[in-house]
>>> print(open('final_34.txt').read())   # compact mmCIF, C-alpha atoms
# COMPACT_ATOMS: atom_id res chain seq x y z
CA MET M 1 13.97 2.85 -0.91
CA ASP M 2 15.31 -0.01 -3.01
CA LEU M 3 13.14 -2.55 -1.15
CA ILE M 4 10.04 -0.47 -1.77
CA MET M 5 10.86 -0.12 -5.46
CA ALA M 6 11.56 -3.86 -5.74
CA ASP M 7 8.07 -4.54 -4.38
CA HIS M 8 6.66 -2.07 -6.92
CA ARG M 9 8.33 -3.95 -9.77
CA GLU M 10 7.08 -7.30 -8.43
CA VAL M 11 3.49 -6.02 -8.20
CA GLU M 12 3.75 -4.75 -11.78
CA ARG M 13 4.98 -8.19 -12.87
CA LEU M 14 2.11 -9.89 -11.05
CA PHE M 15 -0.40 -7.53 -12.65
CA ASP M 16 0.97 -8.48 -16.09
CA GLU M 17 0.63 -12.16 -15.22
CA LEU M 18 -2.96 -11.66 -14.08
CA LYS M 19 -3.82 -9.89 -17.34
CA GLN M 20 -1.97 -12.21 -19.71
CA HIS M 21 -2.71 -15.56 -18.06
CA PRO M 22 -6.31 -15.68 -16.78
CA GLN M 23 -5.92 -19.35 -15.89
CA LYS M 24 -3.38 -18.35 -13.19
CA ARG M 25 -5.73 -15.91 -11.47
CA PRO M 26 -6.90 -18.25 -8.69
CA LEU M 27 -3.27 -18.78 -7.69
CA LEU M 28 -1.98 -15.24 -8.24
CA VAL M 29 -4.72 -13.18 -6.58
CA PRO M 30 -3.74 -14.33 -3.06
CA VAL M 31 -0.08 -13.60 -3.87
CA VAL M 32 -0.69 -10.06 -5.13
CA SER M 33 -3.09 -9.45 -2.25
CA ALA M 34 -0.57 -10.60 0.37
CA LEU M 35 2.22 -8.54 -1.16
CA LEU M 36 0.19 -5.33 -1.53
CA VAL M 37 -1.24 -5.48 1.99
CA ALA M 38 2.11 -6.29 3.63
CA HIS M 39 3.87 -3.62 1.58
CA SER M 40 1.30 -0.94 2.44
CA ARG M 41 1.21 -1.76 6.13
CA ALA M 42 5.02 -1.75 6.36
CA GLU M 43 5.22 1.62 4.63
CA GLU M 44 2.53 3.00 6.93
CA ALA M 45 4.22 1.69 10.08
CA GLU M 46 7.88 2.35 9.31
CA VAL M 47 8.44 4.58 6.29
CA TYR M 48 5.67 7.17 6.23
CA PRO M 49 6.23 8.44 9.79
CA ALA M 50 9.92 9.07 8.96
CA ALA M 51 9.03 10.59 5.60
CA LYS M 52 6.73 13.06 7.40
CA SER M 53 8.86 13.96 10.39
CA GLU M 54 12.39 13.64 9.01
CA ALA M 55 12.05 14.32 5.28
CA GLY M 56 9.23 16.87 5.39
CA GLU M 57 6.99 14.89 3.04
CA ILE M 58 3.83 15.76 5.01
CA GLU M 59 1.32 16.35 2.20
CA GLU M 60 2.78 13.59 0.05
CA VAL M 61 2.47 11.05 2.89
CA ALA M 62 -1.14 12.03 3.60
CA HIS M 63 -1.92 11.65 -0.10
CA SER M 64 -0.11 8.30 -0.30
CA GLN M 65 -2.00 7.09 2.77
CA HIS M 66 -5.31 7.86 1.04
CA GLU M 67 -4.12 5.98 -2.04
CA HIS M 68 -3.32 2.94 0.13
CA GLU M 69 -6.87 3.00 1.49
CA GLU M 70 -8.28 3.17 -2.04
CA ALA M 71 -6.06 0.32 -3.23
CA GLU M 72 -7.09 -1.86 -0.30
CA GLU M 73 -10.79 -1.31 -1.07
CA LEU M 74 -10.14 -2.24 -4.71
CA LEU M 75 -8.16 -5.26 -3.59
CA VAL M 76 -11.12 -6.47 -1.53
CA ARG M 77 -13.30 -6.25 -4.66
CA LEU M 78 -10.72 -8.19 -6.68
CA THR M 79 -10.39 -10.97 -4.11
CA GLU M 80 -14.18 -11.31 -3.94
CA ALA M 81 -14.66 -11.43 -7.74
CA ASP M 82 -14.93 -14.65 -9.72
CA PRO M 83 -11.66 -14.85 -11.71
CA GLU M 84 -13.61 -15.86 -14.82
CA SER M 85 -16.18 -13.06 -14.68
CA PRO M 86 -16.14 -9.72 -16.50
CA GLY M 87 -16.33 -8.12 -13.05
CA PHE M 88 -12.89 -9.49 -12.29
CA ASP M 89 -11.42 -7.75 -15.33
CA VAL M 90 -13.04 -4.47 -14.25
CA ALA M 91 -11.78 -4.85 -10.67
CA LEU M 92 -8.29 -5.74 -11.89
CA GLU M 93 -8.12 -2.77 -14.24
CA LYS M 94 -9.22 -0.35 -11.50
CA LEU M 95 -6.66 -1.81 -9.07
CA VAL M 96 -3.86 -1.68 -11.65
CA GLU M 97 -4.71 1.92 -12.49
CA ALA M 98 -4.80 3.02 -8.84
CA VAL M 99 -1.60 1.20 -7.85
CA THR M 100 0.26 2.37 -10.95
CA HIS M 101 -0.70 5.96 -10.20
CA HIS M 102 0.41 5.56 -6.58
CA VAL M 103 3.74 4.01 -7.55
CA GLU M 104 4.49 6.77 -10.05
CA GLU M 105 3.75 9.47 -7.49
CA GLU M 106 5.62 7.78 -4.66
CA GLU M 107 8.67 7.16 -6.83
CA SER M 108 8.69 10.76 -8.04
CA THR M 109 8.02 12.56 -4.72
CA VAL M 110 8.27 10.68 -1.41
CA LEU M 111 11.18 8.36 -2.21
CA PRO M 112 13.42 11.00 -3.83
CA GLY M 113 12.73 13.31 -0.89
CA MET M 114 13.84 10.62 1.52
CA ARG M 115 16.94 9.84 -0.52
CA THR M 116 17.90 13.52 -0.45
CA ARG M 117 17.07 14.34 3.16
CA LEU M 118 18.01 11.14 5.03
CA ASP M 119 21.54 9.84 5.35
CA ASP M 120 22.61 6.33 4.34
CA ALA M 121 22.54 4.98 7.90
CA ARG M 122 18.97 6.19 8.49
CA ARG M 123 17.77 4.82 5.16
CA ARG M 124 19.40 1.46 5.97
CA GLU M 125 17.68 1.47 9.38
CA LEU M 126 14.33 2.21 7.73
CA GLY M 127 14.96 -0.54 5.17
CA GLU M 128 15.50 -3.09 7.92
CA ALA M 129 12.39 -1.92 9.76
CA PHE M 130 10.36 -1.99 6.52
CA ALA M 131 11.51 -5.55 5.74
CA ALA M 132 10.69 -6.79 9.25
CA SER M 133 7.27 -5.12 9.25
CA ARG M 134 6.52 -6.40 5.76
CA ALA M 135 7.33 -9.97 6.86
CA GLU M 136 5.10 -9.55 9.92
CA HIS M 137 2.16 -8.45 7.76
CA LEU M 138 2.44 -11.01 4.95
CA GLY M 139 -0.58 -12.94 6.22
CA ASP M 140 -2.82 -9.89 6.59
CA ARG M 141 -5.93 -9.66 4.45
CA PRO M 142 -7.27 -6.58 2.71
CA GLY M 143 -10.00 -4.79 4.60
CA GLU M 144 -9.04 -6.34 7.96
CA ALA M 145 -6.70 -3.79 9.52
CA ARG M 146 -6.37 -3.84 13.31
CA LYS M 147 -7.12 -0.69 15.33
CA ALA M 148 -3.41 0.04 15.80
CA GLU M 149 -2.93 -0.04 12.03
CA LEU M 150 -5.91 2.27 11.53
CA GLU M 151 -4.41 4.67 14.07
CA ARG M 152 -1.14 4.72 12.09
CA GLN M 153 -3.08 5.36 8.90
CA ALA M 154 -4.92 8.23 10.60
CA ALA M 155 -1.64 9.75 11.79
CA ASN M 156 -0.20 9.47 8.29
CA ALA M 157 -3.33 11.10 6.85
CA GLY M 158 -3.27 13.93 9.40
CA ILE M 159 -6.43 12.88 11.28
CA THR M 160 -6.35 13.92 14.93
CA GLY M 161 -8.04 12.25 17.91
CA ALA M 162 -7.75 8.74 16.46
CA SER M 163 -6.77 7.10 19.76
CA SER M 164 -10.08 8.13 21.34
CA MET M 165 -12.16 6.62 18.50
CA ASP M 166 -13.36 3.05 18.38
CA LYS M 167 -12.27 0.92 15.41
CA ALA M 168 -15.50 1.39 13.43
CA ARG M 169 -15.51 5.17 13.81
CA LEU M 170 -11.83 5.36 12.97
CA ALA M 171 -12.36 3.33 9.79
CA GLU M 172 -15.24 5.65 8.85
CA GLU M 173 -13.12 8.77 9.47
CA LEU M 174 -10.37 7.35 7.25
CA LYS M 175 -12.86 6.61 4.52
CA HIS M 176 -14.30 10.13 4.64
CA SER M 177 -10.93 11.85 4.80
CA SER M 178 -9.95 10.55 1.37
>>> encode(input="final_34.txt", output="structure tokens")
Amino acid sequence: MDLIMADHREVERLFDELKQHPQKRPLLVPVVSALLVAHSRAEEAEVYPAAKSEAGEIEEVAHSQHEHEEAEELLVRLTEADPESPGFDVALEKLVEAVTHHVEEEESTVLPGMRTRLDDARRRELGEAFAASRAEHLGDRPGEARKAELERQAANAGITGASSMDKARLAEELKHSS
């Protein structure tokens, strides 16, 4: 839980830097993008399944999964925008708003539920798995999830039959389930 919250604080810091120092945007956008994508994919792979099955956070995980999808779409728009254009400011504001909302909800529902319902050893195990998965996904780009990642997202969102869908259909189902 502490690792997740540390990432949240770092993303907030990076958002402040992007807002206050426009000249740093070309350097900071890839950093915030890498962190957000790796963080989301690690939560989806390691934390959300445990939050659903062991902590009973079924609806909260499905909701959080949808918010990850939304944030990734907004992140694609941000990475494609010219850092000096008004469109960048709009894309940044929408991303900040969506991620801030997600963080507030996750820190007030899913994480406290896991702290209460999972013992220290299990939380430590999940922390190690989260850190390893996060490191594995640091080079991933927004909007380029592999089929296995889409299947995990579908499971987290409560979509059935994902393994029988091709990647394009699965991505479409995820988009429409939001």
>>> residues_around(input="final_34.txt", residues="region 84-93 of chain M", least_positions_apart="5", cutoff="8 Å", atoms="all atoms listed in the file", output="mmCIF file with C-alpha atoms, in the frame of the given file")
data_model
loop_
_atom_site.group_PDB
_atom_site.id
_atom_site.type_symbol
_atom_site.label_atom_id
_atom_site.label_comp_id
_atom_site.auth_asym_id
_atom_site.auth_seq_id
_atom_site.Cartn_x
_atom_site.Cartn_y
_atom_site.Cartn_z
ATOM 1 C CA PRO M 22 -6.310 -15.680 -16.780
ATOM 2 C CA LEU M 74 -10.140 -2.240 -4.710
ATOM 3 C CA LEU M 75 -8.160 -5.260 -3.590
ATOM 4 C CA ARG M 77 -13.300 -6.250 -4.660
ATOM 5 C CA LEU M 78 -10.720 -8.190 -6.680
#
>>> atom_distance(input="final_34.txt", atom1="CA of Ala81 (chain M)", atom2="CA of Lys175 (chain M)")
21.9 Å
>>> residues_around(input="final_34.txt", residues="Tyr48 (chain M)", least_positions_apart="2", cutoff="12 Å", atoms="all atoms listed in the file", output="JSON, numbers by chain")
{"M": [1, 4, 39, 40, 41, 42, 43, 44, 45, 46, 50, 51, 52, 53, 54, 55, 56, 57, 58, 59, 60, 61, 62, 63, 64, 65, 68, 106, 110, 111, 113, 114, 126, 129, 130, 152, 153, 154, 155, 156, 157, 158]}
>>> residues_around(input="final_34.txt", residues="His176 (chain M)", least_positions_apart="4", cutoff="12 Å", atoms="only C-alpha atoms", output="VMD selection string")
chain M and resid 66 69 to 70 154 157 159 169 to 172
>>> closest_residue(input="final_34.txt", among="M:Ser133, M:Ser177, M:Thr109, M:Ser163", to="Ala38 (chain M)", atoms="only C-alpha atoms")
M:Ser133
>>> atom_distance(input="final_34.txt", atom1="CA of Asp7 (chain M)", atom2="CA of Leu35 (chain M)")
7.8 Å
>>> atom_distance(input="final_34.txt", atom1="CA of Gly127 (chain M)", atom2="CA of Arg115 (chain M)")
12.0 Å
>>> closest_residue(input="final_34.txt", among="M:Leu14, M:Val47, M:Leu150, M:Met5", to="Val96 (chain M)", atoms="only C-alpha atoms")
M:Leu14
>>> axis_aligned_box(input="final_34.txt", around="region 24-35 of chain M", padding_each_side="6 Å", output="JSON")
{"center_x": -2.3, "center_y": -13.7, "center_z": -6.4, "size_x": 21.1, "size_y": 22.2, "size_z": 25.6}
>>> closest_residue(input="final_34.txt", among="M:Glu67, M:Leu18, M:Ala145, M:Gly161", to="Glu105 (chain M)", atoms="all atoms listed in the file")
M:Glu67
>>> closest_residue(input="final_34.txt", among="M:Ala162, M:Leu95, M:Val32, M:Leu118", to="Glu149 (chain M)", atoms="all atoms listed in the file")
M:Ala162
>>> closest_residue(input="final_34.txt", among="M:Lys94, M:Leu3, M:Met165, M:Glu80", to="Ala132 (chain M)", atoms="all atoms listed in the file")
M:Leu3
>>> closest_residue(input="final_34.txt", among="M:Ala148, M:Val99, M:Leu138, M:Val76", to="Phe15 (chain M)", atoms="only C-alpha atoms")
M:Val99
>>> build_atoms(input="final_34.txt", residues="region 30-53 of chain M", atoms="N, CA, C and O atoms", output="CSV table (one decimal), in the coordinates of the input")
chain,number,residue,atom,x,y,z
M,30,PRO,N,-4.2,-14.4,-4.5
M,30,PRO,CA,-3.7,-14.3,-3.1
M,30,PRO,C,-2.3,-13.8,-2.9
M,30,PRO,O,-2.0,-13.2,-1.9
M,31,VAL,N,-1.5,-14.1,-3.9
M,31,VAL,CA,-0.1,-13.6,-3.9
M,31,VAL,C,0.0,-12.1,-4.0
M,31,VAL,O,0.6,-11.4,-3.2
M,32,VAL,N,-0.7,-11.5,-5.0
M,32,VAL,CA,-0.7,-10.1,-5.1
M,32,VAL,C,-1.4,-9.4,-3.9
M,32,VAL,O,-0.9,-8.3,-3.5
M,33,SER,N,-2.4,-10.0,-3.4
M,33,SER,CA,-3.1,-9.4,-2.2
M,33,SER,C,-2.2,-9.4,-1.0
M,33,SER,O,-2.0,-8.4,-0.4
M,34,ALA,N,-1.5,-10.5,-0.8
M,34,ALA,CA,-0.6,-10.6,0.4
M,34,ALA,C,0.6,-9.6,0.2
M,34,ALA,O,0.9,-8.9,1.2
M,35,LEU,N,1.1,-9.5,-1.0
M,35,LEU,CA,2.2,-8.5,-1.2
M,35,LEU,C,1.8,-7.1,-1.0
M,35,LEU,O,2.4,-6.3,-0.3
M,36,LEU,N,0.7,-6.7,-1.6
M,36,LEU,CA,0.2,-5.3,-1.5
M,36,LEU,C,-0.2,-4.9,-0.1
M,36,LEU,O,0.2,-3.8,0.4
M,37,VAL,N,-0.8,-5.8,0.6
M,37,VAL,CA,-1.2,-5.5,2.0
M,37,VAL,C,0.0,-5.4,2.9
M,37,VAL,O,0.1,-4.4,3.6
M,38,ALA,N,0.9,-6.3,2.8
M,38,ALA,CA,2.1,-6.3,3.6
M,38,ALA,C,3.0,-5.1,3.3
M,38,ALA,O,3.5,-4.4,4.2
M,39,HIS,N,3.1,-4.8,2.0
M,39,HIS,CA,3.9,-3.6,1.6
M,39,HIS,C,3.3,-2.3,2.1
M,39,HIS,O,4.0,-1.5,2.7
M,40,SER,N,2.0,-2.2,2.0
M,40,SER,CA,1.3,-0.9,2.4
M,40,SER,C,1.4,-0.8,3.9
M,40,SER,O,1.8,0.3,4.4
M,41,ARG,N,1.2,-1.9,4.7
M,41,ARG,CA,1.2,-1.8,6.1
M,41,ARG,C,2.6,-1.5,6.6
M,41,ARG,O,2.8,-0.7,7.6
M,42,ALA,N,3.6,-2.0,6.0
M,42,ALA,CA,5.0,-1.8,6.4
M,42,ALA,C,5.4,-0.3,6.1
M,42,ALA,O,6.1,0.3,6.9
M,43,GLU,N,5.0,0.2,4.9
M,43,GLU,CA,5.2,1.6,4.6
M,43,GLU,C,4.5,2.5,5.7
M,43,GLU,O,5.1,3.5,6.2
M,44,GLU,N,3.3,2.2,6.0
M,44,GLU,CA,2.5,3.0,6.9
M,44,GLU,C,3.2,3.0,8.3
M,44,GLU,O,3.2,4.0,9.0
M,45,ALA,N,3.7,1.8,8.7
M,45,ALA,CA,4.2,1.7,10.1
M,45,ALA,C,5.6,2.2,10.2
M,45,ALA,O,6.0,2.9,11.2
M,46,GLU,N,6.4,2.0,9.2
M,46,GLU,CA,7.9,2.4,9.3
M,46,GLU,C,8.4,3.5,8.4
M,46,GLU,O,9.2,4.3,8.9
M,47,VAL,N,7.9,3.6,7.2
M,47,VAL,CA,8.4,4.6,6.3
M,47,VAL,C,7.7,5.9,6.3
M,47,VAL,O,8.4,7.0,6.4
M,48,TYR,N,6.4,5.9,6.3
M,48,TYR,CA,5.7,7.2,6.2
M,48,TYR,C,5.9,8.1,7.4
M,48,TYR,O,6.1,9.3,7.3
M,49,PRO,N,5.9,7.5,8.7
M,49,PRO,CA,6.2,8.4,9.8
M,49,PRO,C,7.6,9.2,9.6
M,49,PRO,O,7.7,10.4,9.9
M,50,ALA,N,8.6,8.5,9.2
M,50,ALA,CA,9.9,9.1,9.0
M,50,ALA,C,9.9,10.0,7.8
M,50,ALA,O,10.5,11.1,7.8
M,51,ALA,N,9.1,9.7,6.8
M,51,ALA,CA,9.0,10.6,5.6
M,51,ALA,C,8.4,11.9,6.0
M,51,ALA,O,8.8,13.0,5.6
M,52,LYS,N,7.4,11.8,6.9
M,52,LYS,CA,6.7,13.1,7.4
M,52,LYS,C,7.6,13.9,8.3
M,52,LYS,O,7.9,15.0,8.1
M,53,SER,N,8.2,13.2,9.3
M,53,SER,CA,8.9,14.0,10.4
M,53,SER,C,10.3,14.3,10.1
M,53,SER,O,10.8,15.3,10.5
